[in-house]
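One file, final.txt, is given below (compact mmCIF, C-alpha atoms).
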```txt
# COMPACT_ATOMS: atom_id res chain seq x y z
CA MET A 869 76.50 85.32 92.84
CA LYS A 870 78.67 88.36 92.35
CA CYS A 871 77.62 91.22 94.58
CA LEU A 872 78.24 94.87 95.39
CA VAL A 873 77.97 96.63 98.73
CA ILE A 874 76.83 100.25 98.67
CA ASP A 875 76.75 102.06 102.00
CA ASP A 876 78.13 105.41 103.12
CA GLU A 877 78.99 104.05 106.58
CA GLU A 878 82.28 102.15 106.73
CA THR A 879 81.18 100.16 109.79
CA ALA A 880 78.19 98.89 107.82
CA ARG A 881 80.36 97.96 104.84
CA VAL A 882 82.77 96.00 107.04
CA ILE A 883 79.89 94.10 108.66
CA ILE A 884 78.22 93.24 105.36
CA GLU A 885 81.57 92.10 103.95
CA GLU A 886 81.93 89.77 106.94
CA LEU A 887 78.41 88.40 106.36
CA ILE A 888 79.25 87.85 102.67
CA GLU A 889 82.50 86.12 103.58
CA LYS A 890 80.55 83.60 105.65
CA ASN A 891 77.94 82.87 103.00
CA PRO A 892 79.01 80.38 100.31
CA HIS A 893 76.61 81.73 97.67
CA VAL A 894 77.85 85.30 97.38
CA GLU A 895 81.16 86.75 96.37
CA LEU A 896 82.07 90.39 96.93
CA GLU A 897 82.89 92.10 93.68
CA GLU A 898 83.17 95.73 94.76
CA ARG A 899 82.14 98.14 97.50
CA PHE A 900 81.11 101.78 97.29
CA SER A 901 80.61 104.54 99.82
CA ASN A 902 78.20 106.47 97.62
CA ALA A 903 75.57 105.82 94.99
CA ILE A 904 77.15 107.98 92.27
CA GLN A 905 80.35 105.89 92.17
CA ALA A 906 78.23 102.74 92.08
CA ILE A 907 76.11 104.00 89.16
CA LYS A 908 79.27 104.79 87.17
CA TYR A 909 80.49 101.26 87.84
CA LEU A 910 77.13 99.66 86.99
CA ASN A 911 76.99 101.52 83.69
CA GLN A 912 80.06 99.54 82.64
CA GLN A 913 79.82 96.29 84.59
CA SER A 914 77.05 93.90 85.48
CA THR A 915 76.49 92.23 88.81
CA ASP A 916 74.05 89.69 90.25
CA LEU A 917 73.10 91.34 93.52
CA ILE A 918 73.46 94.64 95.38
CA PHE A 919 73.39 95.14 99.14
CA LEU A 920 72.13 98.69 99.13
CA ASP A 921 71.75 101.21 101.93
CA ILE A 922 68.70 103.43 101.50
CA HIS A 923 69.72 106.43 103.58
CA MET A 924 72.74 107.99 101.90
CA PRO A 925 73.50 111.70 101.46
CA GLU A 926 72.63 113.39 98.14
CA PHE A 927 71.65 110.23 96.26
CA THR A 928 69.58 107.62 98.14
CA GLY A 929 69.34 103.90 97.48
CA PHE A 930 65.94 104.39 95.83
CA ASP A 931 67.43 107.08 93.58
CA LEU A 932 70.07 104.58 92.50
CA ILE A 933 67.48 101.93 91.62
CA GLN A 934 65.45 104.44 89.61
CA THR A 935 68.55 105.52 87.70
CA LEU A 936 69.44 102.05 86.47
CA LYS A 937 67.76 100.86 83.30
CA THR A 938 67.76 97.20 84.31
CA PRO A 939 68.70 97.01 87.98
CA PRO A 940 70.04 93.69 89.27
CA ASN A 941 68.50 92.04 92.33
CA VAL A 942 68.74 94.30 95.36
CA ILE A 943 68.72 93.56 99.07
CA LEU A 944 68.11 96.76 101.01
CA THR A 945 70.08 97.36 104.19
CA THR A 946 68.86 100.08 106.50
CA SER A 947 68.45 101.28 110.06
CA ASP A 948 64.94 102.37 109.21
CA ARG A 949 62.00 100.04 109.57
CA ASN A 950 59.62 102.42 107.82
CA PHE A 951 60.67 101.97 104.22
CA ALA A 952 59.42 98.39 103.95
CA ILE A 953 56.26 99.18 102.00
CA GLU A 954 58.03 101.48 99.53
CA ALA A 955 60.76 98.87 99.11
CA PHE A 956 58.45 96.25 97.68
CA GLU A 957 57.15 98.59 95.01
CA TYR A 958 60.37 97.81 93.12
CA GLU A 959 60.47 94.46 91.37
CA CYS A 960 64.25 94.18 91.75
CA ILE A 961 64.12 94.33 95.57
CA VAL A 962 64.17 90.82 96.92
CA ASP A 963 64.48 91.56 100.63
CA TYR A 964 64.86 94.23 103.27
CA LEU A 965 67.41 93.86 106.07
CA VAL A 966 67.19 96.03 109.18
CA LYS A 967 70.56 96.79 110.81
CA PRO A 968 72.17 95.33 112.81
CA ILE A 969 72.02 92.34 110.47
CA THR A 970 72.47 88.83 111.83
CA GLN A 971 74.05 86.02 109.81
CA ASP A 972 70.83 83.98 109.85
CA ARG A 973 68.74 86.81 108.49
CA PHE A 974 71.42 87.66 105.92
CA ASP A 975 71.56 84.04 104.72
CA LYS A 976 67.77 83.97 104.31
CA ALA A 977 67.89 87.12 102.19
CA VAL A 978 70.61 85.60 99.97
CA GLN A 979 68.50 82.48 99.62
CA LYS A 980 65.60 84.62 98.36
CA ALA A 981 67.92 86.26 95.84
CA LEU A 982 69.13 82.84 94.70
CA SER A 983 65.57 81.65 94.18
CA LYS A 984 64.86 84.70 92.08
CA LYS A 985 68.00 84.39 90.02
CA SER A 986 67.19 83.14 86.59
CA VAL A 987 68.18 79.53 86.03
CA LYS A 988 68.45 80.25 82.36
CA ALA A 989 72.08 80.15 81.39
CA LYS A 990 73.66 83.17 79.80
CA GLY A 991 75.09 81.01 77.05
CA SER A 992 77.53 83.07 75.12
CA ASP A 993 79.84 84.64 77.63
CA GLY A 994 82.74 82.27 77.58
CA GLU A 995 84.01 78.77 77.41
CA ILE A 996 81.18 77.16 79.35
CA THR A 997 77.64 76.92 77.98
CA LYS A 998 74.64 75.29 79.59
CA THR A 999 71.57 73.73 77.97
CA GLU A 1000 69.03 71.85 80.10
CA ASN A 1001 71.00 69.19 81.99
CA ASP A 1002 74.12 69.42 79.85
CA LEU A 1003 77.14 71.61 80.10
CA TYR A 1004 79.27 72.32 77.07
CA VAL A 1005 82.93 73.04 77.65
CA ASN A 1006 85.39 74.35 75.12
CA ILE A 1007 88.47 72.17 74.98
CA ASP A 1008 90.90 72.51 72.06
CA ARG A 1009 88.24 74.31 70.00
CA ARG A 1010 85.74 71.50 70.46
CA LEU A 1011 82.56 71.91 72.46
CA ILE A 1012 82.33 68.83 74.60
CA LYS A 1013 79.07 67.87 76.28
CA ILE A 1014 79.10 66.92 79.97
CA ASP A 1015 76.05 65.55 81.76
CA ILE A 1016 75.69 67.87 84.79
CA PRO A 1017 74.47 65.28 87.37
CA SER A 1018 77.52 63.12 86.53
CA ILE A 1019 79.88 65.87 87.75
CA TYR A 1020 80.91 65.14 91.29
CA LEU A 1021 83.74 67.61 91.78
CA VAL A 1022 85.15 70.82 90.30
CA GLN A 1023 88.53 72.05 91.41
CA ALA A 1024 90.23 75.37 90.65
CA LYS A 1025 93.77 74.96 89.34
CA GLY A 1026 95.30 78.36 88.60
CA ASP A 1027 93.78 79.68 85.37
CA TYR A 1028 92.04 76.35 84.81
CA ILE A 1029 89.38 74.22 86.43
CA GLN A 1030 89.30 70.45 86.61
CA ILE A 1031 85.84 68.92 86.17
CA LYS A 1032 85.57 65.39 87.47
CA THR A 1033 82.80 63.06 86.36
CA PHE A 1034 82.34 59.32 86.90
CA ASP A 1035 83.60 58.59 83.37
CA LYS A 1036 86.21 61.20 82.70
CA ASN A 1037 88.02 64.29 83.95
CA TYR A 1038 88.25 67.54 81.99
CA ILE A 1039 90.65 70.46 82.25
CA VAL A 1040 89.02 73.69 81.06
CA HIS A 1041 90.39 77.20 80.84
CA SER A 1042 87.86 78.89 83.12
CA THR A 1043 87.17 79.90 86.71
CA LEU A 1044 85.31 78.27 89.56
CA LYS A 1045 82.99 81.29 89.64
CA LYS A 1046 81.97 80.88 85.98
CA ILE A 1047 81.15 77.20 86.26
CA THR A 1048 79.35 77.68 89.60
CA ASP A 1049 77.02 80.14 87.89
CA LYS A 1050 76.08 77.42 85.38
CA LEU A 1051 75.51 74.63 87.88
CA PRO A 1052 72.22 74.15 89.76
CA ASP A 1053 72.41 75.53 93.30
CA ASP A 1054 70.40 72.66 94.75
CA LEU A 1055 73.02 70.09 93.68
CA PHE A 1056 76.32 71.93 93.84
CA LEU A 1057 77.97 73.67 96.75
CA LYS A 1058 81.23 75.55 97.13
CA VAL A 1059 82.88 73.97 100.16
CA HIS A 1060 86.25 75.66 99.84
CA ARG A 1061 87.63 78.52 97.76
CA SER A 1062 89.06 75.95 95.31
CA PHE A 1063 86.38 73.24 95.39
CA VAL A 1064 82.76 72.84 94.36
CA ILE A 1065 81.12 69.50 95.04
CA ASN A 1066 77.96 67.73 93.97
CA THR A 1067 76.37 67.09 97.37
CA LYS A 1068 74.42 64.08 96.04
CA HIS A 1069 77.68 62.15 95.68
CA ILE A 1070 79.09 62.66 99.17
CA ILE A 1071 80.25 59.40 100.72
CA ASP A 1072 81.18 60.70 104.15
CA ILE A 1073 82.20 63.80 106.06
CA GLU A 1074 84.95 63.95 108.62
CA ASP A 1075 85.84 67.10 110.56
CA ASN A 1076 86.99 69.52 107.88
CA SER A 1077 86.89 67.29 104.83
CA VAL A 1078 84.42 65.42 102.70
CA LEU A 1079 84.92 62.20 100.76
CA ILE A 1080 83.52 62.19 97.21
CA GLU A 1081 84.33 59.15 95.08
CA LYS A 1082 88.04 58.73 95.85
CA ASP A 1083 88.69 62.41 96.48
CA VAL A 1084 89.10 63.91 99.92
CA VAL A 1085 88.01 67.53 99.61
CA PRO A 1086 88.74 70.20 102.24
CA VAL A 1087 85.79 72.07 103.74
CA SER A 1088 86.52 75.59 104.96
CA ARG A 1089 85.17 76.73 108.29
CA SER A 1090 82.92 79.36 106.72
CA ASN A 1091 81.38 76.90 104.25
CA ARG A 1092 80.79 74.09 106.72
CA PRO A 1093 77.45 75.40 108.15
CA GLU A 1094 75.87 75.51 104.66
CA LEU A 1095 77.11 71.99 103.95
CA MET A 1096 75.65 70.72 107.22
CA LYS A 1097 72.31 72.38 106.37
CA ARG A 1098 72.11 70.36 103.16
CA LEU A 1099 72.47 67.03 104.93
CA ASN A 1100 69.54 64.89 105.91
CA LEU A 1101 70.87 64.26 109.42
CA LEU A 1102 69.38 61.56 111.61
CA MET B 290 71.56 106.88 129.23
CA LYS B 291 69.21 103.94 129.70
CA ASP B 292 71.39 100.95 128.86
CA HIS B 293 75.10 100.23 128.48
CA PRO B 294 77.19 99.14 125.50
CA ASN B 295 77.92 95.43 125.16
CA LEU B 296 79.63 93.13 122.69
CA SER B 297 77.00 90.43 122.24
CA TYR B 298 76.20 91.31 118.60
CA ILE B 299 79.87 91.67 117.63
CA HIS B 300 80.72 88.34 119.28
CA GLN B 301 77.78 86.64 117.58
CA LEU B 302 78.87 88.04 114.22
CA SER B 303 82.57 87.27 114.61
CA GLY B 304 82.08 83.70 115.83
CA GLY B 305 85.29 84.19 117.81
CA ASP B 306 87.27 85.66 114.91
CA LYS B 307 89.56 88.10 116.75
CA VAL B 308 90.88 89.62 113.52
CA PHE B 309 87.38 90.68 112.52
CA GLU B 310 86.63 91.98 116.04
CA TYR B 311 89.80 94.10 115.96
CA LYS B 312 88.89 95.39 112.49
CA ILE B 313 85.36 96.41 113.44
CA PHE B 314 86.54 98.13 116.65
CA GLU B 315 89.12 100.10 114.70
CA VAL B 316 86.51 101.25 112.19
CA ILE B 317 84.06 102.26 114.93
CA LYS B 318 86.88 104.02 116.82
CA LYS B 319 87.62 106.00 113.68
CA GLU B 320 84.04 106.78 112.60
CA LEU B 321 82.34 107.45 115.93
CA PRO B 322 84.30 110.61 116.91
CA GLN B 323 83.91 111.92 113.35
CA GLU B 324 80.15 111.42 113.47
CA LEU B 325 79.95 112.99 116.93
CA LEU B 326 81.79 116.05 115.57
CA ALA B 327 79.52 116.20 112.54
CA PHE B 328 76.48 116.00 114.84
CA LYS B 329 77.75 118.84 117.07
CA HIS B 330 78.58 120.94 114.03
CA CYS B 331 75.02 120.55 112.67
CA ILE B 332 73.49 121.43 116.06
CA GLU B 333 75.70 124.52 116.41
CA LYS B 334 74.47 125.69 113.02
CA ASN B 335 70.87 124.83 113.92
CA ASN B 336 70.83 122.51 110.92
CA PHE B 337 68.50 120.00 112.55
CA LYS B 338 67.63 118.22 109.30
CA GLU B 339 71.28 117.36 108.68
CA ALA B 340 71.72 116.50 112.38
CA SER B 341 68.83 114.06 111.99
CA SER B 342 70.74 112.30 109.17
CA VAL B 343 73.83 111.98 111.39
CA VAL B 344 71.68 110.56 114.21
CA HIS B 345 70.25 108.09 111.71
CA LYS B 346 73.74 106.86 110.88
CA LEU B 347 74.71 106.73 114.55
CA LYS B 348 71.69 104.54 115.31
CA HIS B 349 73.46 101.68 113.59
CA LYS B 350 76.43 101.92 115.93
CA ILE B 351 74.09 102.12 118.93
CA SER B 352 72.45 98.89 117.78
CA ILE B 353 75.81 97.21 117.07
CA LEU B 354 76.72 97.89 120.70
CA GLY B 355 73.51 96.21 121.80
CA MET B 356 71.73 99.21 123.34
CA GLU B 357 68.08 98.66 122.50
CA GLN B 358 66.64 101.30 124.83
CA ASN B 359 69.11 103.91 123.65
CA TYR B 360 68.29 102.94 120.07
CA ALA B 361 64.64 103.73 120.77
CA LEU B 362 65.66 107.10 122.26
CA ALA B 363 67.79 107.87 119.21
CA GLU B 364 64.89 106.98 116.93
CA ILE B 365 62.63 109.48 118.72
CA TYR B 366 65.37 112.11 118.68
CA GLU B 367 65.95 111.60 114.95
CA LYS B 368 62.24 112.18 114.26
CA GLU B 369 62.14 115.25 116.50
CA LEU B 370 65.14 116.78 114.76
CA LYS B 371 63.43 116.26 111.41
CA GLU B 372 60.55 118.32 112.78
CA GLY B 373 62.95 121.00 114.05
CA ILE B 374 62.71 120.01 117.74
CA ASN B 375 65.93 119.60 119.71
CA ASN B 376 64.95 118.42 123.17
CA GLY B 377 67.02 115.26 123.35
CA GLN B 378 70.50 116.65 122.66
CA GLN B 379 71.98 116.21 126.13
CA GLU B 380 70.71 112.67 126.55
CA PHE B 381 71.89 111.72 123.06
CA GLU B 382 75.36 113.15 123.65
CA GLU B 383 75.57 111.14 126.89
CA ILE B 384 74.82 107.97 124.92
CA LEU B 385 77.57 108.79 122.42
CA GLN B 386 80.03 109.63 125.18
CA GLY B 387 79.28 106.28 126.85
CA MET B 388 79.95 104.51 123.53
CA LEU B 389 83.23 106.38 122.99
CA THR B 390 84.46 105.46 126.48
CA PHE B 391 83.43 101.83 125.98
CA ILE B 392 85.16 101.54 122.61
CA GLU B 393 88.34 103.15 123.96
CA GLN B 394 88.44 100.74 126.91
CA THR B 395 87.65 97.57 124.95
```
Would you encode the structure as structure tokens?
Amino acid sequence: MKCLVIDDEETARVIIEELIEKNPHVELEERFSNAIQAIKYLNQQSTDLIFLDIHMPEFTGFDLIQTLKTPPNVILTTSDRNFAIEAFEYECIVDYLVKPITQDRFDKAVQKALSKKSVKAKGSDGEITKTENDLYVNIDRRLIKIDIPSIYLVQAKGDYIQIKTFDKNYIVHSTLKKITDKLPDDLFLKVHRSFVINTKHIIDIEDNSVLIEKDVVPVSRSNRPELMKRLNLL
Amino acid sequence: MKDHPNLSYIHQLSGGDKVFEYKIFEVIKKELPQELLAFKHCIEKNNFKEASSVVHKLKHKISILGMEQNYALAEIYEKELKEGINNGQQEFEEILQGMLTFIEQT
């Protein structure tokens, strides 16, 4: 999920950016030190999730939410424990994090946002379209259907991605971010900045790599904890 | 000052990443004196409402440095300032001074 950080305190922004960096499901799109700048941005761009401080000078986090016509999902970040009840009056608010925020608590909040995120595909925003269990990719002006569960690996290659299935491999002009948004979160996991894997097809895991079919895929240090969580360990 | 600054939260967050630890110290080193100045400025002008907002922001740094008792004191002081009461200034400034010294020495 693409996300924004809005907080007037630089220390808070740096900490939230670190928490984002260590969570495989969120990707920092932009950060703002005040709500006005963020509103200007959001009037032109969309995002999936906002980490929003409530207590900001002039324009508070709640003011920002009220200003937006269709606010994206919001996770409130605050040093104040007393806004909790007000927070849940807004449908867009998925969670409420009290500073200082720990990684565990942050990850749980992101998980809530993921659950709330619509699984319905956006459909018309590019070269990848999803319907039910199929993914349509645009290759040489043809829309080619790929069965999602058959995908075991997606690799970023410059301006292209390589989609590997058991039958065939596809090179598509797209980004890892775009395809990740179309793939079900319970099956697919980003294990490295250039690799997304289907966790159902893992053969084995060794230190900082995972074997899928015949491919050895690197696992970055920050993504390893999420991968380990997905495993049914004995 | 009831308790002393410590690095347990920062260490937990960094997971041993020294680059991040350096970055967060540098940001706190930069922001803390600015916020202390802003606080003093508000108090000098008897602008307790604004001072309360600065205390609110400073509470985060108090909690980052693991001072739970001082956090509770700051919370009371923030509320008092909102009501126009300024009894906790000296104690609060001692907390901030302790944090500044700690950050400089770390």
Could you produce a table of the residues of chain A lying within 8 Å of chain B, with the nearest pair of atoms per residue and their separation in Å rounded to one decimal, using all atoms listed in the file, ordered by chain and increasing residue number, as JSON lines?
```
{"residue": "A:Glu877", "atom": "CA", "partner": "B:Lys346", "partner_atom": "CA", "distance": 7.3}
{"residue": "A:Glu878", "atom": "CA", "partner": "B:Val316", "partner_atom": "CA", "distance": 7.0}
{"residue": "A:Thr879", "atom": "CA", "partner": "B:Val316", "partner_atom": "CA", "distance": 5.9}
{"residue": "A:Ala880", "atom": "CA", "partner": "B:His349", "partner_atom": "CA", "distance": 8.0}
{"residue": "A:Val882", "atom": "CA", "partner": "B:Ile313", "partner_atom": "CA", "distance": 6.9}
{"residue": "A:Ile883", "atom": "CA", "partner": "B:Ile313", "partner_atom": "CA", "distance": 7.6}
{"residue": "A:Glu886", "atom": "CA", "partner": "B:Phe309", "partner_atom": "CA", "distance": 7.9}
{"residue": "A:Leu887", "atom": "CA", "partner": "B:Leu302", "partner_atom": "CA", "distance": 7.9}
{"residue": "A:Ser947", "atom": "CA", "partner": "B:His349", "partner_atom": "CA", "distance": 6.1}
{"residue": "A:Lys967", "atom": "CA", "partner": "B:His349", "partner_atom": "CA", "distance": 6.3}
{"residue": "A:Pro968", "atom": "CA", "partner": "B:Ile353", "partner_atom": "CA", "distance": 5.9}
{"residue": "A:Thr970", "atom": "CA", "partner": "B:Leu302", "partner_atom": "CA", "distance": 6.9}
{"residue": "A:Gln971", "atom": "CA", "partner": "B:Leu302", "partner_atom": "CA", "distance": 6.8}
```
Cut-off 7 Å around (86.7, 71.8, 109.5) with all atoms listed in the file: residues as a PyMOL selection string
chain A and resi 1075-1077+1087-1089+1092
* Computed interatomic separation between atom CA of Glu367 of chain B and atom CA of Phe337 of chain B (Å) ->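 Those two atoms sit 9.1 Å apart.
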Neighbours of Glu380 of chain B within 12 Å (only C-alpha atoms; same-chain residues fewer than 2 positions away dropped), as a PDB file with C-alpha atoms, keeping the file's coordinate frame?
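Here's the written file part.pdb:
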```pdb
ATOM      1  CA  MET B 290      71.560 106.880 129.230  1.00  0.00           C
ATOM      2  CA  LYS B 291      69.210 103.940 129.700  1.00  0.00           C
ATOM      3  CA  ASP B 292      71.390 100.950 128.860  1.00  0.00           C
ATOM      4  CA  ASN B 359      69.110 103.910 123.650  1.00  0.00           C
ATOM      5  CA  TYR B 360      68.290 102.940 120.070  1.00  0.00           C
ATOM      6  CA  LEU B 362      65.660 107.100 122.260  1.00  0.00           C
ATOM      7  CA  ALA B 363      67.790 107.870 119.210  1.00  0.00           C
ATOM      8  CA  ILE B 365      62.630 109.480 118.720  1.00  0.00           C
ATOM      9  CA  TYR B 366      65.370 112.110 118.680  1.00  0.00           C
ATOM     10  CA  ASN B 375      65.930 119.600 119.710  1.00  0.00           C
ATOM     11  CA  ASN B 376      64.950 118.420 123.170  1.00  0.00           C
ATOM     12  CA  GLY B 377      67.020 115.260 123.350  1.00  0.00           C
ATOM     13  CA  GLN B 378      70.500 116.650 122.660  1.00  0.00           C
ATOM     14  CA  GLU B 382      75.360 113.150 123.650  1.00  0.00           C
ATOM     15  CA  GLU B 383      75.570 111.140 126.890  1.00  0.00           C
ATOM     16  CA  ILE B 384      74.820 107.970 124.920  1.00  0.00           C
ATOM     17  CA  LEU B 385      77.570 108.790 122.420  1.00  0.00           C
ATOM     18  CA  GLN B 386      80.030 109.630 125.180  1.00  0.00           C
ATOM     19  CA  GLY B 387      79.280 106.280 126.850  1.00  0.00           C
TER      20      GLY B 387
END
```
From atom CA of Gln979 of chain A to atom CA of Asn911 of chain A the spacing works out at 26.2 Å
- Task: Can you work out the spacing between atom CA of Val1005 of chain A and atom CA of Tyr1020 of chain A in Å, to one decimal?
- Result: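 Atom-to-atom, atom CA of Val1005 of chain A to atom CA of Tyr1020 of chain A, that is 15.9 Å.
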Report as a list in words all protein, DNA and RNA residues lying within 6 Å of Ile1029 of chain A, evaluated on all atoms listed in the file, omitting residues in the same chain fewer than 4 positions from it.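 With the cut-off at 6 Å, the set is Gln1023, Ala1024, Lys1025, Ile1039, Val1040 and Ser1042 of chain A.
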Shell of 12 Å around Asp1054 of chain A, only C-alpha atoms, local chain residues under 4 positions omitted, as an mmCIF file with C-alpha atoms, keeping the file's coordinate frame:
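To be explicit, this is the file written out as selection09.cif:
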```cif
data_model
loop_
_atom_site.group_PDB
_atom_site.id
_atom_site.type_symbol
_atom_site.label_atom_id
_atom_site.label_comp_id
_atom_site.auth_asym_id
_atom_site.auth_seq_id
_atom_site.Cartn_x
_atom_site.Cartn_y
_atom_site.Cartn_z
ATOM 1 C CA HIS A 893 76.610 81.730 97.670
ATOM 2 C CA GLN A 979 68.500 82.480 99.620
ATOM 3 C CA LEU A 982 69.130 82.840 94.700
ATOM 4 C CA SER A 983 65.570 81.650 94.180
ATOM 5 C CA VAL A 987 68.180 79.530 86.030
ATOM 6 C CA PRO A 1017 74.470 65.280 87.370
ATOM 7 C CA THR A 1048 79.350 77.680 89.600
ATOM 8 C CA LYS A 1050 76.080 77.420 85.380
ATOM 9 C CA LYS A 1058 81.230 75.550 97.130
ATOM 10 C CA ILE A 1065 81.120 69.500 95.040
ATOM 11 C CA ASN A 1066 77.960 67.730 93.970
ATOM 12 C CA THR A 1067 76.370 67.090 97.370
ATOM 13 C CA LYS A 1068 74.420 64.080 96.040
ATOM 14 C CA GLU A 1094 75.870 75.510 104.660
ATOM 15 C CA LEU A 1095 77.110 71.990 103.950
ATOM 16 C CA LYS A 1097 72.310 72.380 106.370
ATOM 17 C CA ARG A 1098 72.110 70.360 103.160
ATOM 18 C CA LEU A 1099 72.470 67.030 104.930
#
```
Using all atoms listed in the file, the residue out of A:Glu957, A:Glu895, A:Asp1027, A:Glu1081 with shortest distance to Ile933 of chain A is A:Glu957
Would you list the residues near (79.7, 94.0, 100.9) (no more than 6 Å away, in the coordinates of the file, using only C-alpha atoms) as a list in words?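 Residues satisfying the cut-off, written out: Leu872, Val873, Arg881, Ile884, Glu885, Leu896 and Arg899 of chain A.
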Would you please work out which residue, of B:Ile392, B:Ile332, B:Ala361, B:Met356, is nearest to Gly373 of chain B when using all atoms listed in the file?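 Smallest separation from Gly373 of chain B among the options: B:Ile332.
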